[in-house]
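Q: Provided below: model_12.cif, containing mmCIF, C-alpha atoms.
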data_start
#
loop_
_atom_site.group_PDB
_atom_site.id
_atom_site.type_symbol
_atom_site.label_atom_id
_atom_site.label_comp_id
_atom_site.auth_asym_id
_atom_site.auth_seq_id
_atom_site.Cartn_x
_atom_site.Cartn_y
_atom_site.Cartn_z
ATOM 1 C CA MET T 28 0.000 0.000 0.000
ATOM 2 C CA SER T 29 2.783 2.386 0.968
ATOM 3 C CA ALA T 30 4.540 1.747 -2.344
ATOM 4 C CA TYR T 31 1.660 3.430 -4.213
ATOM 5 C CA PHE T 32 1.976 6.467 -2.012
ATOM 6 C CA THR T 33 5.758 6.806 -1.861
ATOM 7 C CA HIS T 34 6.739 5.936 -5.436
ATOM 8 C CA ILE T 35 6.365 9.662 -6.205
ATOM 9 C CA LEU T 36 9.528 10.184 -4.126
ATOM 10 C CA LYS T 37 11.502 8.687 -7.024
ATOM 11 C CA HIS T 38 10.259 11.391 -9.389
ATOM 12 C CA PRO T 39 13.208 13.551 -10.631
ATOM 13 C CA ALA T 40 11.452 16.801 -9.677
ATOM 14 C CA VAL T 41 11.012 15.574 -6.105
ATOM 15 C CA VAL T 42 14.671 14.570 -5.939
ATOM 16 C CA VAL T 43 15.686 18.049 -7.114
ATOM 17 C CA GLY T 44 13.319 19.617 -4.600
ATOM 18 C CA GLN T 45 14.741 17.521 -1.778
ATOM 19 C CA ASN T 46 18.248 18.509 -2.819
ATOM 20 C CA ALA T 47 17.208 22.179 -2.690
ATOM 21 C CA LEU T 48 15.605 21.653 0.727
ATOM 22 C CA MET T 49 18.788 20.099 2.029
ATOM 23 C CA HIS T 50 20.809 23.149 0.949
ATOM 24 C CA LEU T 51 18.106 25.393 2.391
ATOM 25 C CA ALA T 52 18.355 23.576 5.724
ATOM 26 C CA VAL T 53 22.112 24.155 5.796
ATOM 27 C CA GLY T 54 21.640 27.833 4.913
ATOM 28 C CA LEU T 55 18.974 28.278 7.573
ATOM 29 C CA ALA T 56 21.163 26.570 10.167
ATOM 30 C CA VAL T 57 24.080 28.871 9.381
ATOM 31 C CA SER T 58 21.879 31.980 9.455
ATOM 32 C CA TRP T 59 20.220 30.872 12.692
ATOM 33 C CA LEU T 60 23.633 30.472 14.344
ATOM 34 C CA VAL T 61 24.833 33.878 13.126
ATOM 35 C CA LEU T 62 21.604 35.643 14.129
ATOM 36 C CA PHE T 63 21.565 33.917 17.503
ATOM 37 C CA ALA T 64 25.125 35.130 18.101
ATOM 38 C CA PHE T 65 23.964 38.678 17.218
ATOM 39 C CA GLU T 66 21.071 38.253 19.607
ATOM 40 C CA LEU T 67 23.418 37.203 22.420
ATOM 41 C CA LEU T 68 25.700 40.170 21.794
ATOM 42 C CA ARG T 69 22.832 42.639 21.661
ATOM 43 C CA PRO T 70 19.404 41.382 22.699
ATOM 44 C CA GLY T 71 16.704 42.444 20.265
ATOM 45 C CA VAL T 72 18.915 43.232 17.305
ATOM 46 C CA ALA T 73 17.695 40.204 15.330
ATOM 47 C CA SER T 74 14.467 39.272 17.089
ATOM 48 C CA LEU T 75 12.975 42.684 16.398
ATOM 49 C CA TYR T 76 12.946 41.902 12.686
ATOM 50 C CA LEU T 77 12.958 38.102 12.380
ATOM 51 C CA ASP T 78 11.448 35.259 14.357
ATOM 52 C CA LEU T 79 14.407 33.059 15.262
ATOM 53 C CA ASN T 80 12.148 30.213 16.420
ATOM 54 C CA LEU T 81 10.435 30.247 13.041
ATOM 55 C CA LEU T 82 13.826 29.958 11.323
ATOM 56 C CA LEU T 83 14.670 26.973 13.525
ATOM 57 C CA ALA T 84 11.325 25.318 12.751
ATOM 58 C CA LEU T 85 11.733 25.890 9.010
ATOM 59 C CA MET T 86 15.251 24.491 9.187
ATOM 60 C CA ILE T 87 14.124 21.289 10.904
ATOM 61 C CA LEU T 88 11.125 20.928 8.582
ATOM 62 C CA SER T 89 13.179 21.332 5.419
ATOM 63 C CA TRP T 90 15.800 18.917 6.698
ATOM 64 C CA LEU T 91 13.130 16.337 7.562
ATOM 65 C CA LEU T 92 11.510 16.669 4.126
ATOM 66 C CA SER T 93 14.891 16.386 2.443
ATOM 67 C CA VAL T 94 15.734 13.051 4.097
ATOM 68 C CA VAL T 95 12.433 11.313 3.315
ATOM 69 C CA GLY T 96 13.570 8.652 0.897
ATOM 70 C CA PRO T 97 11.857 6.237 -1.507
ATOM 71 C CA PRO T 98 10.971 2.876 0.046
ATOM 72 C CA GLN T 99 13.736 0.312 0.098
ATOM 73 C CA PRO T 100 13.094 -2.831 -2.010
ATOM 74 C CA SER T 101 13.128 -4.947 1.116
ATOM 75 C CA ALA T 102 10.316 -2.883 2.621
ATOM 76 C CA LEU T 103 7.976 -3.501 -0.300
ATOM 77 C CA MET Y 12 20.755 20.824 -10.184
ATOM 78 C CA ARG Y 13 24.250 22.228 -10.686
ATOM 79 C CA TYR Y 14 23.445 25.606 -9.185
ATOM 80 C CA LEU Y 15 21.298 24.433 -6.304
ATOM 81 C CA TRP Y 16 24.126 24.505 -3.764
ATOM 82 C CA HIS Y 17 24.188 28.320 -4.007
ATOM 83 C CA ILE Y 18 21.136 28.234 -1.712
ATOM 84 C CA ARG Y 19 23.597 27.369 1.057
ATOM 85 C CA TRP Y 20 25.189 30.807 1.091
ATOM 86 C CA LEU Y 21 22.340 32.827 -0.428
ATOM 87 C CA THR Y 22 20.000 32.031 2.494
ATOM 88 C CA PRO Y 23 22.367 33.377 5.199
ATOM 89 C CA LEU Y 24 23.236 36.329 2.986
ATOM 90 C CA VAL Y 25 19.568 37.309 2.619
ATOM 91 C CA LEU Y 26 18.562 36.742 6.253
ATOM 92 C CA VAL Y 27 21.664 38.134 7.963
ATOM 93 C CA GLY Y 28 21.867 40.922 5.399
ATOM 94 C CA TYR Y 29 18.268 41.919 6.131
ATOM 95 C CA VAL Y 30 18.951 42.128 9.870
ATOM 96 C CA VAL Y 31 22.229 44.022 9.379
ATOM 97 C CA TRP Y 32 20.464 46.424 7.006
ATOM 98 C CA GLN Y 33 17.661 47.042 9.486
ATOM 99 C CA ALA Y 34 20.028 47.412 12.446
ATOM 100 C CA LEU Y 35 22.550 49.725 10.812
ATOM 101 C CA PHE Y 36 21.319 51.455 7.685
ATOM 102 C CA ALA Y 37 17.518 51.633 7.582
ATOM 103 C CA SER Y 38 16.197 55.113 8.292
ATOM 104 C CA TRP Y 39 12.418 54.843 8.310
ATOM 105 C CA SER Y 40 10.485 55.088 11.546
ATOM 106 C CA LEU Y 41 8.829 52.469 13.713
ATOM 107 C CA GLU Y 42 5.353 52.890 15.144
ATOM 108 C CA ALA Y 43 3.647 51.158 18.037
ATOM 109 C CA VAL Y 44 0.179 51.558 19.540
ATOM 110 C CA THR Y 45 -1.102 50.610 22.976
ATOM 111 C CA ASP Y 46 -4.269 50.988 25.028
ATOM 112 C CA PHE Y 47 -2.231 50.464 28.248
ATOM 113 C CA ARG Y 48 -4.215 47.373 29.219
ATOM 114 C CA GLU Y 49 -1.158 45.164 29.256
ATOM 115 C CA ARG Y 50 2.572 45.379 28.766
ATOM 116 C CA THR Y 51 3.865 45.184 25.223
ATOM 117 C CA PRO Y 52 7.482 45.038 24.044
ATOM 118 C CA TYR Y 53 7.380 48.814 23.511
ATOM 119 C CA PHE Y 54 5.069 50.061 26.231
ATOM 120 C CA ASP Y 55 4.716 49.450 29.909
ATOM 121 C CA VAL Y 56 1.321 50.013 31.570
ATOM 122 C CA LEU Y 57 0.662 53.485 32.954
ATOM 123 C CA LEU Y 58 2.846 53.836 36.047
ATOM 124 C CA PRO Y 59 2.396 53.839 39.007
ATOM 125 C CA ALA Y 60 -0.142 51.103 38.285
ATOM 126 C CA GLY Y 61 -2.327 52.048 41.267
ATOM 127 C CA ARG Y 62 -3.167 55.423 39.735
ATOM 128 C CA GLY Y 63 -5.243 54.020 36.883
ATOM 129 C CA ILE Y 64 -8.308 51.766 36.811
ATOM 130 C CA ARG Y 65 -8.994 49.649 33.749
ATOM 131 C CA THR Y 66 -12.562 50.113 32.555
ATOM 132 C CA GLU Y 67 -14.410 49.521 29.306
ATOM 133 C CA ARG Y 68 -14.092 53.215 28.489
ATOM 134 C CA GLY Y 69 -10.326 53.182 28.930
ATOM 135 C CA ILE Y 70 -7.866 53.767 31.761
ATOM 136 C CA VAL Y 71 -9.513 56.046 34.325
ATOM 137 C CA LEU Y 72 -6.938 58.013 36.291
ATOM 138 C CA THR Y 73 -7.484 58.445 39.992
ATOM 139 C CA HIS Y 74 -4.295 60.345 40.814
ATOM 140 C CA GLU Y 75 -1.707 62.286 38.944
ATOM 141 C CA PRO Y 76 0.944 62.322 37.638
ATOM 142 C CA VAL Y 77 1.269 59.064 35.743
ATOM 143 C CA TYR Y 78 4.168 58.000 33.567
ATOM 144 C CA ILE Y 79 4.377 56.388 30.155
ATOM 145 C CA ASP Y 80 7.490 54.249 29.831
ATOM 146 C CA ILE Y 81 8.583 53.440 26.303
ATOM 147 C CA ARG Y 82 11.274 50.887 25.664
ATOM 148 C CA VAL Y 83 13.234 52.020 22.626
ATOM 149 C CA PRO Y 84 14.314 48.904 20.729
ATOM 150 C CA ILE Y 85 16.391 50.708 18.108
ATOM 151 C CA ARG Y 86 18.934 53.461 17.887
ATOM 152 C CA ALA Y 87 16.445 56.306 17.727
ATOM 153 C CA ARG Y 88 16.975 59.980 17.061
ATOM 154 C CA GLY Y 89 13.583 61.085 18.260
ATOM 155 C CA ALA Y 90 10.338 59.783 19.693
ATOM 156 C CA ALA Y 91 6.928 61.311 19.124
ATOM 157 C CA VAL Y 92 3.998 60.346 21.313
ATOM 158 C CA GLU Y 93 0.364 60.901 20.508
ATOM 159 C CA LEU Y 94 -1.978 60.417 23.443
ATOM 160 C CA LYS Y 95 -5.727 60.002 22.975
ATOM 161 C CA VAL Y 96 -7.969 60.815 25.908
ATOM 162 C CA ASP Y 97 -11.727 61.106 26.205
ATOM 163 C CA SER Y 98 -12.752 64.601 25.146
ATOM 164 C CA ALA Y 99 -14.727 65.089 28.368
ATOM 165 C CA SER Y 100 -11.482 64.714 30.337
ATOM 166 C CA ALA Y 101 -9.890 67.417 32.442
ATOM 167 C CA PRO Y 102 -7.080 69.278 30.641
ATOM 168 C CA LEU Y 103 -3.663 67.722 30.990
ATOM 169 C CA LYS Y 104 -0.061 68.265 30.052
ATOM 170 C CA LEU Y 105 2.190 65.797 28.297
ATOM 171 C CA GLY Y 106 5.891 65.998 29.049
ATOM 172 C CA LEU Y 107 9.206 64.184 28.694
ATOM 173 C CA GLN Y 108 11.686 63.252 31.394
ATOM 174 C CA THR Y 109 14.930 64.933 30.441
ATOM 175 C CA GLY Y 110 17.362 63.651 33.080
ATOM 176 C CA GLU Y 111 17.960 60.931 35.611
ATOM 177 C CA GLU Y 112 16.400 63.086 38.307
ATOM 178 C CA PHE Y 113 12.730 63.939 38.024
ATOM 179 C CA SER Y 114 13.063 66.830 35.611
ATOM 180 C CA PHE Y 115 10.415 67.124 32.955
ATOM 181 C CA GLU Y 116 9.925 69.264 29.909
ATOM 182 C CA PHE Y 117 6.468 70.201 28.703
ATOM 183 C CA ASN Y 118 5.596 71.604 25.341
ATOM 184 C CA GLY Y 119 3.027 74.156 24.365
ATOM 185 C CA HIS Y 120 1.219 72.174 21.669
ATOM 186 C CA LEU Y 121 -2.488 72.770 21.823
ATOM 187 C CA PRO Y 122 -4.589 69.611 21.986
ATOM 188 C CA GLU Y 123 -6.836 68.745 19.046
ATOM 189 C CA THR Y 124 -10.307 67.297 19.293
ATOM 190 C CA VAL Y 125 -11.127 64.603 16.760
ATOM 191 C CA GLY Y 126 -14.374 62.656 16.909
ATOM 192 C CA GLY Y 127 -14.953 62.503 20.682
ATOM 193 C CA LEU Y 128 -11.253 62.182 21.493
ATOM 194 C CA THR Y 129 -8.667 64.754 22.472
ATOM 195 C CA LEU Y 130 -5.204 64.312 21.004
ATOM 196 C CA TYR Y 131 -2.104 65.437 22.871
ATOM 197 C CA ARG Y 132 1.245 65.330 21.103
ATOM 198 C CA TYR Y 133 4.795 65.478 22.299
ATOM 199 C CA ASP Y 134 7.640 65.354 19.840
ATOM 200 C CA ALA Y 135 10.964 64.602 21.509
ATOM 201 C CA LYS Y 136 13.343 65.600 18.741
ATOM 202 C CA GLU Y 137 16.545 64.820 20.615
ATOM 203 C CA LEU Y 138 16.972 61.669 22.629
ATOM 204 C CA HIS Y 139 20.129 61.414 24.695
ATOM 205 C CA TYR Y 140 21.109 57.857 25.327
ATOM 206 C CA ALA Y 141 23.763 55.426 24.241
ATOM 207 C CA ARG Y 142 22.136 52.180 23.252
ATOM 208 C CA PRO Y 143 18.906 50.428 22.295
ATOM 209 C CA GLY Y 144 16.899 49.012 25.178
ATOM 210 C CA HIS Y 145 16.856 52.375 26.897
ATOM 211 C CA LYS Y 146 13.597 53.569 28.430
ATOM 212 C CA VAL Y 147 12.110 56.932 27.555
ATOM 213 C CA ARG Y 148 9.673 58.262 30.134
ATOM 214 C CA PHE Y 149 6.809 60.591 29.346
ATOM 215 C CA ILE Y 150 4.608 62.157 32.009
ATOM 216 C CA ILE Y 151 0.901 62.889 32.064
ATOM 217 C CA SER Y 152 0.238 65.701 34.462
ATOM 218 C CA SER Y 153 -3.203 67.047 35.172
ATOM 219 C CA PRO Y 154 -3.229 69.456 38.113
ATOM 220 C CA SER Y 155 -7.002 69.869 37.974
ATOM 221 C CA LEU Y 156 -7.614 66.122 38.135
ATOM 222 C CA VAL Y 157 -10.317 64.732 40.373
ATOM 223 C CA PRO Y 158 -10.518 60.928 40.494
ATOM 224 C CA GLY Y 159 -12.260 59.696 37.348
ATOM 225 C CA SER Y 160 -12.048 62.908 35.367
ATOM 226 C CA VAL Y 161 -9.352 61.724 32.906
ATOM 227 C CA VAL Y 162 -9.930 58.665 30.714
ATOM 228 C CA VAL Y 163 -6.905 57.576 28.682
ATOM 229 C CA LYS Y 164 -7.854 55.688 25.522
ATOM 230 C CA GLU Y 165 -4.608 54.875 23.752
ATOM 231 C CA ALA Y 166 -1.168 56.103 22.784
ATOM 232 C CA THR Y 167 0.929 55.847 19.654
ATOM 233 C CA VAL Y 168 4.680 56.217 19.608
ATOM 234 C CA SER Y 169 6.723 56.673 16.472
ATOM 235 C CA LEU Y 170 10.473 56.330 16.708
ATOM 236 C CA LYS Y 171 12.704 58.048 14.200
ATOM 237 C CA ARG Y 172 15.868 56.130 13.533
ATOM 238 C CA GLU Y 173 19.309 57.572 13.716
ATOM 239 C CA PRO Y 174 20.979 56.864 10.376
ATOM 240 C CA PHE Y 175 24.319 55.118 10.245
ATOM 241 C CA SER Y 176 27.329 57.269 11.103
ATOM 242 C CA TRP Y 177 31.003 56.487 11.585
ATOM 243 C CA PRO Y 178 31.358 57.860 15.188
ATOM 244 C CA TRP Y 179 28.328 55.873 16.240
ATOM 245 C CA PHE Y 180 29.740 52.731 14.619
ATOM 246 C CA GLN Y 181 33.006 53.147 16.549
ATOM 247 C CA LEU Y 182 30.993 53.395 19.769
ATOM 248 C CA PHE Y 183 29.023 50.298 18.768
ATOM 249 C CA ILE Y 184 32.208 48.281 18.176
ATOM 250 C CA SER Y 185 33.866 49.508 21.362
ATOM 251 C CA GLU Y 186 30.780 48.479 23.335
ATOM 252 C CA LEU Y 187 30.869 45.009 21.800
ATOM 253 C CA LEU Y 188 34.539 44.436 22.630
#
Starting from the coordinates I provided, produce the structure as C-alpha cells.
A:
Amino acid sequence: MSAYFTHILKHPAVVVGQNALMHLAVGLAVSWLVLFAFELLRPGVASLYLDLNLLLALMILSWLLSVVGPPQPSAL
Amino acid sequence: MRYLWHIRWLTPLVLVGYVVWQALFASWSLEAVTDFRERTPYFDVLLPAGRGIRTERGIVLTHEPVYIDIRVPIRARGAAVELKVDSASAPLKLGLQTGEEFSFEFNGHLPETVGGLTLYRYDAKELHYARPGHKVRFIISSPSLVPGSVVVKEATVSLKREPFSWPWFQLFISELL
C-alpha cells in the first residue's frame, strides 16, 4: 500500500526539490547560528525583525523533508 | 541541479543581510500603539499602576501624575507620542523626562479634538542615550484632576531612527569588545 503512495519520491522533480531543501536547511542553520550570536551580543537586534524560532522550525522541517527517501526494495 | 548549492550561502546572505540592514542602515520610523491594558514590548502600563483603573471606556486616572514608559528597541533619534484621551477629560499636560532626576519638559502644543477624542502630542526631537533598550519616560500631568475625570484611551509612539554614522559605529564596536 505504501509503495503506491511513496513511489512519487523517485520522481526527478522531487529529488531536485529535496536537494534544494537540504541546501536550504544548511543555509537556515548557518543563518540561525549567526543571528543567535547577534542576539546574544545585543538582545533584540535580530528578534525585532525576524522570528528566530520560526527559522529553527523551518530548518528542521526542510531537513526532515529532504531526508524522506523512496521505500527500500526490502520494505515492499 | 548544478546551481542548487548556491542556496547554502544565499539564504544566510539574505537573512543576515536583512537584519544588518535594518540594524545599521535603515532610516524609516517604527510605530507602536497601545491601550495600556497590558505590557507590550514597547510600552509598559501606565505607572504607578495604582493610579489608573482599567474600565471599558479606557484607563480612568485616579491620581496624577502618571508616567508612560517606552522601551526604545532601536537606535532612535527622536520619539513622538500621541496620546488620545476622552474629550470630556480634564485638561492635561504631556511631558518628557529629560534627566535621571525627576526633571520634565512640557511643550506648548495645543490639543486637538477629533471625533470625541482629544489628542495630545509630544515630539521629543533629541533623545540622549547610548544604546537600544533604553527607556524613555513621558509624564501625564493634570493638576485639575479629580478621580475619574481623565480617561486615557490609547497612545501611539513613532520612533525616528538615527541613520548610520562612523562615530556611532566606533561606539558600537567599542561596546561590543
Q: So which residues get picked by the PyMOL selection byres ((chain T and resi 69) around 12) here, written as a VMD selection string?
A: (chain T and resid 62 to 68 70 to 75) or (chain Y and resid 34 84 to 85 142 to 144 183 to 184 186 to 188)
Q: Pick out the chain T residues within 6 Å of chain Y. Count all atoms listed in the file. Give them as a PyMOL selection string.
A: chain T and resi 47+50-51+53-54+58+73
Q: Quick one: write out the picked residues with C-alpha atoms as a short mmCIF file (atom, residue, chain, number, x, y, z; two decimals), in the frame of the given file?
A:
data_model
loop_
_atom_site.label_atom_id
_atom_site.label_comp_id
_atom_site.auth_asym_id
_atom_site.auth_seq_id
_atom_site.Cartn_x
_atom_site.Cartn_y
_atom_site.Cartn_z
CA ALA T 47 17.21 22.18 -2.69
CA HIS T 50 20.81 23.15 0.95
CA LEU T 51 18.11 25.39 2.39
CA VAL T 53 22.11 24.16 5.80
CA GLY T 54 21.64 27.83 4.91
CA SER T 58 21.88 31.98 9.46
CA ALA T 73 17.70 40.20 15.33
#
Q: Which value, in Å to one decimal, gives the distance between CA of Trp32 (chain Y) and CA of Ala91 (chain Y)?
A: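 Atom-to-atom, CA of Trp32 (chain Y) to CA of Ala91 (chain Y), that is 23.5 Å.
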Q: Please write as a list in words the full residue list that the PyMOL selection byres ((chain T and resi 78-95) around 6) yields on this file.
A: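 After applying the PyMOL selection byres ((chain T and resi 78-95) around 6), what remains is Gln45, Leu48, Met49, Ala52, Leu55, Ser74, Leu77 and Gly96 of chain T.
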Q: Starting from the PyMOL selection byres ((chain Y and resi 77) around 8), expand the selection into actual residues of this file and give them as an MDAnalysis selection string.
A: chainID Y and resid 57:59 62 74:76 78:79 150:152
Q: State, in Å with one decimal place, the distance from CA of Ser114 (chain Y) to CA of Val147 (chain Y).
A: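 Answer for the CA of Ser114 (chain Y) to CA of Val147 (chain Y) separation: 12.8 Å.
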Q: Emit as AutoDock Vina command-line options the padded axis-aligned box for all listed atoms of region 20-39 of chain Y, 6 Å per side, with centre and edge lengths in Å to one decimal.
A:
--center_x 18.8 --center_y 43.0 --center_z 6.0 --size_x 24.8 --size_y 36.3 --size_z 24.9
Q: In Å to one decimal, how far is CA of Arg68 (chain Y) from CA of Ser160 (chain Y)?
A: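 Taking CA of Ser160 (chain Y) and CA of Arg68 (chain Y), their separation equals 12.1 Å.
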Q: Counting all atoms listed in the file, write as a short mmCIF file (atom, residue, chain, number, x, y, z; two decimals) with C-alpha atoms, in the frame of the given file all protein and nucleic acid residues lying at most 10 Å from (-15.3, 67.5, 26.0) in the file's frame.
A:
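What ended up in selection.cif:
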data_model
loop_
_atom_site.label_atom_id
_atom_site.label_comp_id
_atom_site.auth_asym_id
_atom_site.auth_seq_id
_atom_site.Cartn_x
_atom_site.Cartn_y
_atom_site.Cartn_z
CA VAL Y 96 -7.97 60.82 25.91
CA ASP Y 97 -11.73 61.11 26.20
CA SER Y 98 -12.75 64.60 25.15
CA ALA Y 99 -14.73 65.09 28.37
CA SER Y 100 -11.48 64.71 30.34
CA ALA Y 101 -9.89 67.42 32.44
CA PRO Y 102 -7.08 69.28 30.64
CA THR Y 124 -10.31 67.30 19.29
CA GLY Y 127 -14.95 62.50 20.68
CA LEU Y 128 -11.25 62.18 21.49
CA THR Y 129 -8.67 64.75 22.47
#
Q: Report as a PyMOL selection string all protein, DNA and RNA residues lying within 6 Å of region 164-167 of chain Y, evaluated on all atoms listed in the file, omitting residues in the same chain fewer than 4 positions from it.
A: chain Y and resi 43-46+69+92-96
Q: In file coordinates, which residues lie within 9 Å of (9.4, 60.2, 30.1) using only C-alpha atoms, given as a VMD selection string?
A: chain Y and resid 78 to 81 106 to 109 115 146 to 150
